[in-house]
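Asks: Input: one structure, supplied below.
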Amino acid sequence: MASIEKLPAGAFNISRWSGGTTTELFIWPHGASYAERRFGIRISTATVDIAESTFTKLPGVTRYIAPLGDGFTLKIGQNEPEFIPHAAVKRFDGGEDVTCAGAGRDLNLMLSGAAGELIMIKPNERHIVRQAEFLFAYAVQDCRISVGSVQMNTESGEFLRIYADAGETVTASGEAGLFYAQP
């Protein structure tokens with residue numbers, strides 16, 4: 001049977017990085033540390049407050065990012081700069097040199113020795129749950145998130161842990177990010 005747990009905002013770690021602030025929503029395993037680069041899974045939201053910034057290099061980490069504002073341009077390694085529009089998800093190697101042009105907010109998933117994915121769902125879009133140890137939702141805007149017959153009203157910025165069996169349906173009345181992670 002599905003259930004939804006709202007995680008308290010007071011438990012989130014907020015820190016500064018060279019281009020803005022990061023709010024760490026989830027880090028695994030217990031005792032993990034982003035500062036010491038000891039983690040398997042890290043979920044965060046960040047602000048980019050300056051016109052151009054350089055992302056921290058994280059060798060061995062697979063990164064997913066989704067802009068929540070108008071979007072921004074990423075230059076990853078030797079690739080040509082690429083515009084990432086609002087709510088598009090970009091996956092990249094954390095060990096690459098990455099520069100970002102444009103300011104705004106974004107969602108982030110970082111995986112080291114773990115599997116996972118960040119998926120953005122549009123209002124009233126149905127998403128079929130896949131099997132994973134961890135499933136979370138981030139409300140980009142005020143909305144009602146439903147899993148099977150269980151519903152929860154959320155405000156923009158709230159973070160939820162979802163417990164659901166593979167094959168159940170997740171919907172949101174507004175825009176939301178879904179995070180899958182499997183150690």
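Each chain of the structure tokens is named A, B, ... in the order shown, its residues numbered from 1; ligands are numbered from 1 in display order.
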If you count only C-alpha atoms, which residues fall within 6 Å of range 108-124 of chain A, apart from same-chain ones fewer than 4 positions away, as a list in words?

Replies: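 The contact residues come out as Gly40, Ile41, Arg42, Ile43, Ser44, Thr45, Val61, Thr62, Arg63, Tyr64, Ile65, Thr171, Ala172, Ser173, Gly174, Glu175, Ala176, Gly177, Leu178, Phe179, Tyr180, Ala181, Gln182 and Pro183 of chain A.
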
Asks: Find the residues around Glu158 in chain A up to 10 Å (only C-alpha atoms counted), leave out those fewer than 2 positions away in its own chain, and share them as number ranges by chain.

Replies: A: 6-9, 25, 137-143, 153-156, 160, 176

Asks: Can those selected residues be exported to a file as a PDB file, in the first residue's frame so that it contains C-alpha atoms?

Replies:
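Written output follows (again-v5.pdb):
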```pdb
ATOM      1  CA  LYS A   6       6.478  15.040   4.181  1.00  0.00           C
ATOM      2  CA  LEU A   7      10.099  15.652   5.209  1.00  0.00           C
ATOM      3  CA  PRO A   8      10.550  18.640   7.543  1.00  0.00           C
ATOM      4  CA  ALA A   9      12.262  21.670   5.977  1.00  0.00           C
ATOM      5  CA  LEU A  25      17.214  17.537   0.776  1.00  0.00           C
ATOM      6  CA  ALA A 137       9.002  14.077  -4.928  1.00  0.00           C
ATOM      7  CA  TYR A 138       9.774  17.796  -4.873  1.00  0.00           C
ATOM      8  CA  ALA A 139       6.849  20.192  -5.345  1.00  0.00           C
ATOM      9  CA  VAL A 140       7.994  22.864  -7.789  1.00  0.00           C
ATOM     10  CA  GLN A 141       4.694  24.669  -7.218  1.00  0.00           C
ATOM     11  CA  ASP A 142       1.771  24.306  -4.820  1.00  0.00           C
ATOM     12  CA  CYS A 143       0.039  21.083  -5.806  1.00  0.00           C
ATOM     13  CA  ASN A 153      -1.418  18.738  -0.561  1.00  0.00           C
ATOM     14  CA  THR A 154       1.988  20.404  -0.830  1.00  0.00           C
ATOM     15  CA  GLU A 155       3.389  23.880  -1.049  1.00  0.00           C
ATOM     16  CA  SER A 156       6.129  24.936  -3.439  1.00  0.00           C
ATOM     17  CA  LEU A 160       8.243  14.112   0.096  1.00  0.00           C
ATOM     18  CA  ALA A 176       7.000  18.269  -9.579  1.00  0.00           C
TER      19      ALA A 176
END
```

Asks: Neighbouring residues of range 100-106 of chain A were defined as those with any atom within 8 Å, considering only C-alpha atoms; residues of the same chain fewer than 5 positions away were excluded. Please report them as a PyMOL selection string.

Replies: chain A and resi 45-55+65-75
